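Colleague: Sharing input39.tsv (TSV, C-alpha atoms) below.
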```tsv
chain	number	residue	atom	x	y	z
A	1	MET	CA	-15.33	19.46	82.83
A	2	PRO	CA	-13.20	17.96	85.61
A	3	GLU	CA	-9.47	18.37	85.10
A	4	SER	CA	-8.92	14.59	84.83
A	5	ARG	CA	-11.31	14.39	81.86
A	6	LYS	CA	-9.87	17.28	79.92
A	7	VAL	CA	-8.74	16.23	76.46
A	8	PRO	CA	-5.20	17.38	75.70
A	9	ASP	CA	-4.82	19.88	72.91
A	10	LYS	CA	-3.61	18.40	69.66
A	11	PRO	CA	-0.32	19.83	68.46
A	12	LEU	CA	-0.57	22.09	65.44
A	13	PRO	CA	0.30	20.45	62.12
A	14	PHE	CA	3.71	21.13	60.59
A	15	TRP	CA	2.37	23.48	57.90
A	16	ARG	CA	1.11	25.78	60.67
A	17	THR	CA	4.29	25.73	62.74
A	18	LYS	CA	7.17	25.59	60.26
A	19	LYS	CA	8.41	28.00	57.67
A	20	MET	CA	8.38	26.46	54.22
A	21	SER	CA	12.19	26.60	54.21
A	22	GLU	CA	12.24	24.43	57.37
A	23	MET	CA	10.09	21.61	56.00
A	24	THR	CA	11.58	18.22	55.32
A	25	PRO	CA	11.40	16.97	51.72
A	26	ARG	CA	8.59	14.60	52.75
A	27	GLU	CA	6.62	17.41	54.41
A	28	TRP	CA	7.16	19.65	51.39
A	29	GLU	CA	5.94	17.03	48.94
A	30	SER	CA	2.89	16.30	51.09
A	31	LEU	CA	1.64	19.87	50.60
A	32	CYS	CA	0.70	18.85	47.07
A	33	ASP	CA	-2.98	17.91	47.16
A	34	GLY	CA	-2.80	15.88	43.94
A	35	CYS	CA	-5.28	18.01	42.04
A	36	GLY	CA	-3.31	18.11	38.78
A	37	ARG	CA	-4.33	21.70	37.97
A	38	CYS	CA	-0.71	22.81	37.66
A	39	CYS	CA	-0.22	20.05	35.06
A	40	LEU	CA	-2.67	21.66	32.64
A	41	ASN	CA	-1.21	23.57	29.72
A	42	LYS	CA	-1.30	27.31	30.21
A	43	LEU	CA	-0.96	30.26	27.86
A	44	THR	CA	0.58	33.59	28.79
A	45	ASP	CA	-0.30	36.82	27.01
A	46	ILE	CA	3.00	38.43	25.98
A	47	ASP	CA	1.58	41.96	26.29
A	48	THR	CA	-0.28	41.71	29.61
A	49	GLY	CA	1.51	38.81	31.30
A	50	GLU	CA	-1.89	37.26	32.08
A	51	THR	CA	-1.90	33.48	32.27
A	52	VAL	CA	-4.91	31.42	31.24
A	53	TYR	CA	-5.45	27.71	31.68
A	54	THR	CA	-6.51	25.15	29.12
A	55	ASP	CA	-8.09	21.79	29.81
A	56	VAL	CA	-5.24	20.10	27.93
A	57	GLY	CA	-3.08	17.98	30.19
A	58	CYS	CA	0.68	17.52	30.21
A	59	LYS	CA	1.81	14.38	28.45
A	60	LEU	CA	2.78	12.89	31.83
A	61	LEU	CA	-0.49	13.70	33.61
A	62	ASP	CA	-2.38	10.59	34.72
A	63	THR	CA	-5.95	11.86	34.47
A	64	THR	CA	-7.31	9.23	36.87
A	65	SER	CA	-4.92	9.78	39.79
A	66	CYS	CA	-4.27	13.42	38.75
A	67	ARG	CA	-0.60	12.84	39.47
A	68	CYS	CA	2.49	12.77	37.30
A	69	ALA	CA	3.05	9.39	35.65
A	70	ASP	CA	6.83	9.84	35.94
A	71	TYR	CA	7.38	12.37	38.73
A	72	LYS	CA	11.01	11.43	39.31
A	73	ASN	CA	11.99	12.10	35.68
A	74	ARG	CA	9.42	14.78	34.84
A	75	GLN	CA	11.92	17.59	34.28
A	76	LYS	CA	13.96	15.48	31.89
A	77	LYS	CA	10.86	14.55	29.89
A	78	VAL	CA	8.98	17.87	30.01
A	79	HIS	CA	11.26	20.82	29.30
A	80	ASP	CA	9.02	23.45	30.89
A	81	CYS	CA	8.00	21.50	34.00
A	82	VAL	CA	8.58	23.79	36.98
A	83	ARG	CA	9.95	22.39	40.23
A	84	LEU	CA	8.23	24.15	43.12
A	85	THR	CA	10.50	25.37	45.90
A	86	TRP	CA	10.04	27.57	48.94
A	87	ARG	CA	12.13	30.15	47.06
A	88	ASN	CA	9.90	30.37	43.97
A	89	ILE	CA	6.45	29.59	45.33
A	90	ARG	CA	5.46	33.24	45.89
A	91	ARG	CA	6.65	34.30	42.42
A	92	LEU	CA	4.68	31.72	40.45
A	93	THR	CA	1.51	33.64	39.70
A	94	TRP	CA	0.00	30.88	37.56
A	95	LEU	CA	-0.56	28.40	40.37
A	96	PRO	CA	-4.25	27.85	41.14
A	97	PRO	CA	-5.73	29.56	44.21
A	98	THR	CA	-6.60	26.15	45.69
A	99	CYS	CA	-2.96	25.00	45.70
A	100	GLY	CA	-1.70	23.85	49.10
A	101	TYR	CA	1.66	25.53	48.49
A	102	VAL	CA	-0.04	28.85	47.67
A	103	LEU	CA	-2.33	28.62	50.70
A	104	VAL	CA	0.46	27.81	53.17
A	105	ALA	CA	2.80	30.43	51.67
A	106	SER	CA	0.12	33.07	52.22
A	107	GLY	CA	-0.47	32.03	55.84
A	108	GLN	CA	-3.76	30.21	55.24
A	109	ASP	CA	-4.70	26.79	56.53
A	110	LEU	CA	-5.32	23.79	54.32
A	111	PRO	CA	-8.99	23.12	53.49
A	112	TRP	CA	-11.03	20.09	54.55
A	113	TRP	CA	-10.45	18.23	51.30
A	114	HIS	CA	-6.65	18.39	51.39
A	115	PRO	CA	-5.28	14.86	52.02
A	116	LEU	CA	-3.22	16.10	55.00
A	117	VAL	CA	-6.44	17.27	56.66
A	118	SER	CA	-8.89	14.60	55.49
A	119	GLY	CA	-6.50	11.66	55.67
A	120	SER	CA	-7.64	10.52	52.22
A	121	PRO	CA	-6.28	11.26	48.72
A	122	GLU	CA	-9.84	10.93	47.39
A	123	THR	CA	-11.32	14.05	49.01
A	124	VAL	CA	-9.54	16.35	46.53
A	125	HIS	CA	-11.54	14.60	43.81
A	126	GLU	CA	-14.79	14.49	45.82
A	127	ALA	CA	-14.60	18.25	46.38
A	128	GLY	CA	-14.26	18.92	42.65
A	129	ILE	CA	-10.80	20.41	43.05
A	130	SER	CA	-8.93	17.91	40.89
A	131	VAL	CA	-8.81	17.68	37.11
A	132	ARG	CA	-10.35	14.19	37.17
A	133	GLY	CA	-12.98	14.02	34.44
A	134	LYS	CA	-12.20	17.57	33.26
A	135	VAL	CA	-9.21	17.10	30.96
A	136	SER	CA	-10.38	17.14	27.35
A	137	ALA	CA	-7.09	16.26	25.65
A	138	ASN	CA	-3.44	15.40	26.06
A	139	GLU	CA	-0.84	17.88	24.83
A	140	VAL	CA	0.57	15.24	22.50
A	141	ASP	CA	-2.71	15.37	20.54
A	142	VAL	CA	-3.17	19.17	20.45
A	143	PRO	CA	-0.83	21.39	18.44
A	144	ASP	CA	0.32	24.51	20.31
A	145	ARG	CA	-1.47	26.74	17.79
A	146	ASP	CA	-4.79	25.12	18.76
A	147	LEU	CA	-4.45	25.52	22.54
A	148	VAL	CA	-6.48	28.76	22.44
A	149	ASP	CA	-9.49	26.61	21.54
A	150	TYR	CA	-9.18	24.82	24.91
A	151	ILE	CA	-9.05	27.83	27.28
A	152	VAL	CA	-11.10	27.30	30.48
A	153	LYS	CA	-11.62	29.35	33.63
A	154	TRP	CA	-12.39	26.67	36.25
A	155	PRO	CA	-8.75	25.93	37.25
A	156	GLN	CA	-8.42	29.48	38.55
A	157	ARG	CA	-11.55	29.20	40.71
A	158	TRP	CA	-12.68	27.50	43.89
A	159	PRO	CA	-15.52	25.02	43.28
A	160	LYS	CA	-18.72	25.73	45.19
A	161	GLY	CA	-18.63	24.30	48.70
A	162	SER	CA	-14.89	23.63	48.71
A	163	ARG	CA	-13.71	26.62	50.77
A	164	GLY	CA	-15.25	25.72	54.12
A	165	LYS	CA	-13.27	24.38	57.04
A	166	VAL	CA	-15.41	21.25	57.23
A	167	ARG	CA	-16.74	18.83	54.68
A	168	PRO	CA	-20.21	19.83	53.44
A	169	LYS	CA	-22.99	17.35	54.17
```
What is this structure when it is put down as structure tokens?

Modeller:
Amino acid sequence: MPESRKVPDKPLPFWRTKKMSEMTPREWESLCDGCGRCCLNKLTDIDTGETVYTDVGCKLLDTTSCRCADYKNRQKKVHDCVRLTWRNIRRLTWLPPTCGYVLVASGQDLPWWHPLVSGSPETVHEAGISVRGKVSANEVDVPDRDLVDYIVKWPQRWPKGSRGKVRPK
């Protein structure tokens, strides 16, 4: 290709060039793909430390958008809501493997369905990553003693076809 027609290289996105500690608050927040998996109730085995997911959503989880209905005040309203930071992200073993924070912290790139890559907040739902249509109950309606009846494995897995670098046809 003649030099005059050469397309300039696109600069690498911020999540590939910055340390998590260097990200602006806006950049940090944008790493969230809006899947809602972290907003599912989880149970931890006291003896083994193993964490399992349920398909019971937090009382603030909007199951259509898969986002927090009151993000700004979530920690005041939900006593065990964890604020993700670059300091704690590697220690939180219960985050799903599809989580943008987990992927970037481990040096991986974001997948095709992540809104920062696709340009659309809908691709996380199209790829089957989000909790949309998969939440069976709200924590307000399920007593803690009954959460064992709602244990599911899918939040800890990648849906078929979602790992590739490009959108499947």

Colleague: Kindly indicate which residue among A:Leu147, A:Gln108, A:Lys18, A:His114 lies nearest to Thr44 in chain A, using only C-alpha atoms for the distances.

Modeller: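 Comparing A:Leu147, A:Gln108, A:Lys18, A:His114 against Thr44 in chain A, the winner is A:Leu147.
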
Colleague: Please report the interatomic distance between CA of Asn41 in chain A and CA of Asp55 in chain A in Å with one decimal.

Modeller: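 Here the two named atoms are 7.1 Å from each other.
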
Colleague: Using only C-alpha atoms, determine which residues lie at most 12 Å from Leu43 in chain A, disregarding the query and same-chain residues fewer than 5 positions distant; provide the list as a list in words.

Modeller: Thr48, Gly49, Glu50, Thr51, Val52, Tyr53, Thr54, Asp55, Val56, Trp94, Asp144, Arg145, Asp146, Leu147, Val148, Asp149, Tyr150, Ile151 and Val152 of chain A

Colleague: Write out as a Markdown table the residues of range 39-127 of chain A that have any atom within 12 Å of an atom of range 136-139 of chain A, one row each with the nearest atom pair and its distance in Å to one decimal, counting only C-alpha atoms, sorted by chain and then rising number.

Modeller:
```
| residue | atom | partner | partner_atom | distance |
| --- | --- | --- | --- | --- |
| A:Cys39 | CA | A:Glu139 | CA | 10.5 |
| A:Leu40 | CA | A:Glu139 | CA | 8.9 |
| A:Asn41 | CA | A:Glu139 | CA | 7.5 |
| A:Lys42 | CA | A:Glu139 | CA | 10.9 |
| A:Thr54 | CA | A:Ser136 | CA | 9.1 |
| A:Asp55 | CA | A:Ser136 | CA | 5.7 |
| A:Val56 | CA | A:Ala137 | CA | 4.8 |
| A:Gly57 | CA | A:Asn138 | CA | 4.9 |
| A:Cys58 | CA | A:Glu139 | CA | 5.6 |
| A:Lys59 | CA | A:Glu139 | CA | 5.7 |
| A:Leu60 | CA | A:Asn138 | CA | 8.8 |
| A:Leu61 | CA | A:Asn138 | CA | 8.3 |
| A:Asp62 | CA | A:Asn138 | CA | 10.0 |
| A:Thr63 | CA | A:Asn138 | CA | 9.5 |
| A:Val78 | CA | A:Glu139 | CA | 11.1 |
```

Colleague: Can you measure CA of Ala105 in chain A to CA of Gln156 in chain A for me? One decimal in Å is fine.

Modeller: 17.3 Å

Colleague: Quick one: everything within 9 Å of Thr64 in chain A, counting only C-alpha atoms, minus sequence neighbours fewer than 3 positions away in the same chain. Send it as a list in words.

Modeller: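 What passes the distance filter is Leu61, Arg67, Val131, Arg132 and Gly133 of chain A.
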
Colleague: Output the selection as a PDB file, in the coordinates of the input - C-alpha atoms for each residue.

Modeller:
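Once written, part_31.pdb looks like this:
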```
ATOM      1  CA  LEU A  61      -0.490  13.700  33.610  1.00  0.00           C
ATOM      2  CA  ARG A  67      -0.600  12.840  39.470  1.00  0.00           C
ATOM      3  CA  VAL A 131      -8.810  17.680  37.110  1.00  0.00           C
ATOM      4  CA  ARG A 132     -10.350  14.190  37.170  1.00  0.00           C
ATOM      5  CA  GLY A 133     -12.980  14.020  34.440  1.00  0.00           C
TER       6      GLY A 133
END
```

Colleague: List the neighbours of Pro121 in chain A out to 12 Å using all atoms listed in the file; skip same-chain residues closer than 3 positions along the sequence, and give me the result as a list in words.

Modeller: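 These residues fall inside the cut-off: Ser30, Leu31, Cys32, Asp33, Gly34, Cys35, Ser65, Cys66, Arg67, Trp112, Trp113, His114, Pro115, Leu116, Val117, Ser118, Val124, His125, Glu126, Ala127, Ile129 and Ser130 of chain A.
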
Colleague: Calculated over only C-alpha atoms, which of the candidates A:Val104, A:Cys38, A:Ser120, A:Pro13 has the smallest distance to Asp80 in chain A?

Modeller: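 Under the stated criterion, the closest residue is A:Cys38.
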
Colleague: Quick check, in Å to one decimal: how far apart do CA of Cys68 in chain A and CA of Gly36 in chain A lie?

Modeller: 8.0 Å

Colleague: Given only C-alpha atoms as the basis, pick out the residue of A:Lys19, A:Lys72, A:Arg157, A:Lys10 nearest to Arg87 in chain A.

Modeller: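 Comparing A:Lys19, A:Lys72, A:Arg157, A:Lys10 against Arg87 in chain A, the winner is A:Lys19.
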
Colleague: Which residues are close to Trp158 in chain A, i.e. within 9 Å by all atoms listed in the file, leaving aside same-chain residues fewer than 6 positions away? Reply as a VMD selection string.

Modeller: chain A and resid 96 to 98 128 to 129

Colleague: Missing atoms in range 135-153 of chain A: fill them in up to N, CA and C atoms and send the result as an mmCIF file, keeping the file's coordinate frame.

Modeller:
```cif
data_model
loop_
_atom_site.group_PDB
_atom_site.id
_atom_site.type_symbol
_atom_site.label_atom_id
_atom_site.label_comp_id
_atom_site.auth_asym_id
_atom_site.auth_seq_id
_atom_site.Cartn_x
_atom_site.Cartn_y
_atom_site.Cartn_z
ATOM 1 N N VAL A 135 -10.254 16.915 31.959
ATOM 2 C CA VAL A 135 -9.210 17.100 30.960
ATOM 3 C C VAL A 135 -9.760 16.619 29.615
ATOM 4 N N SER A 136 -9.773 17.508 28.639
ATOM 5 C CA SER A 136 -10.380 17.140 27.350
ATOM 6 C C SER A 136 -9.379 16.548 26.362
ATOM 7 N N ALA A 137 -8.095 16.776 26.589
ATOM 8 C CA ALA A 137 -7.090 16.260 25.650
ATOM 9 C C ALA A 137 -5.728 16.213 26.300
ATOM 10 N N ASN A 138 -4.834 15.496 25.644
ATOM 11 C CA ASN A 138 -3.440 15.400 26.060
ATOM 12 C C ASN A 138 -2.642 16.305 25.126
ATOM 13 N N GLU A 139 -1.617 16.950 25.647
ATOM 14 C CA GLU A 139 -0.840 17.880 24.830
ATOM 15 C C GLU A 139 -0.209 17.243 23.605
ATOM 16 N N VAL A 140 0.001 15.946 23.648
ATOM 17 C CA VAL A 140 0.570 15.240 22.500
ATOM 18 C C VAL A 140 -0.387 15.310 21.297
ATOM 19 N N ASP A 141 -1.689 15.384 21.587
ATOM 20 C CA ASP A 141 -2.710 15.370 20.540
ATOM 21 C C ASP A 141 -3.172 16.752 20.091
ATOM 22 N N VAL A 142 -2.710 17.807 20.771
ATOM 23 C CA VAL A 142 -3.170 19.170 20.450
ATOM 24 C C VAL A 142 -1.974 20.031 20.069
ATOM 25 N N PRO A 143 -1.925 20.490 18.830
ATOM 26 C CA PRO A 143 -0.830 21.390 18.440
ATOM 27 C C PRO A 143 -0.885 22.690 19.245
ATOM 28 N N ASP A 144 0.268 23.257 19.538
ATOM 29 C CA ASP A 144 0.320 24.510 20.310
ATOM 30 C C ASP A 144 -0.590 25.586 19.727
ATOM 31 N N ARG A 145 -0.657 25.693 18.418
ATOM 32 C CA ARG A 145 -1.470 26.740 17.790
ATOM 33 C C ARG A 145 -2.964 26.591 18.088
ATOM 34 N N ASP A 146 -3.379 25.370 18.471
ATOM 35 C CA ASP A 146 -4.790 25.120 18.760
ATOM 36 C C ASP A 146 -5.149 25.230 20.242
ATOM 37 N N LEU A 147 -4.172 25.458 21.107
ATOM 38 C CA LEU A 147 -4.450 25.520 22.540
ATOM 39 C C LEU A 147 -5.454 26.606 22.904
ATOM 40 N N VAL A 148 -5.517 27.689 22.144
ATOM 41 C CA VAL A 148 -6.480 28.760 22.440
ATOM 42 C C VAL A 148 -7.915 28.248 22.387
ATOM 43 N N ASP A 149 -8.149 27.182 21.640
ATOM 44 C CA ASP A 149 -9.490 26.610 21.540
ATOM 45 C C ASP A 149 -9.883 25.818 22.794
ATOM 46 N N TYR A 150 -8.951 25.639 23.714
ATOM 47 C CA TYR A 150 -9.180 24.820 24.910
ATOM 48 C C TYR A 150 -9.112 25.650 26.203
ATOM 49 N N ILE A 151 -9.140 26.965 26.096
ATOM 50 C CA ILE A 151 -9.050 27.830 27.280
ATOM 51 C C ILE A 151 -10.283 27.631 28.170
ATOM 52 N N VAL A 152 -10.036 27.472 29.475
ATOM 53 C CA VAL A 152 -11.100 27.300 30.480
ATOM 54 C C VAL A 152 -10.783 28.179 31.690
ATOM 55 N N LYS A 153 -11.799 28.497 32.460
ATOM 56 C CA LYS A 153 -11.620 29.350 33.630
ATOM 57 C C LYS A 153 -11.621 28.573 34.952
#
```
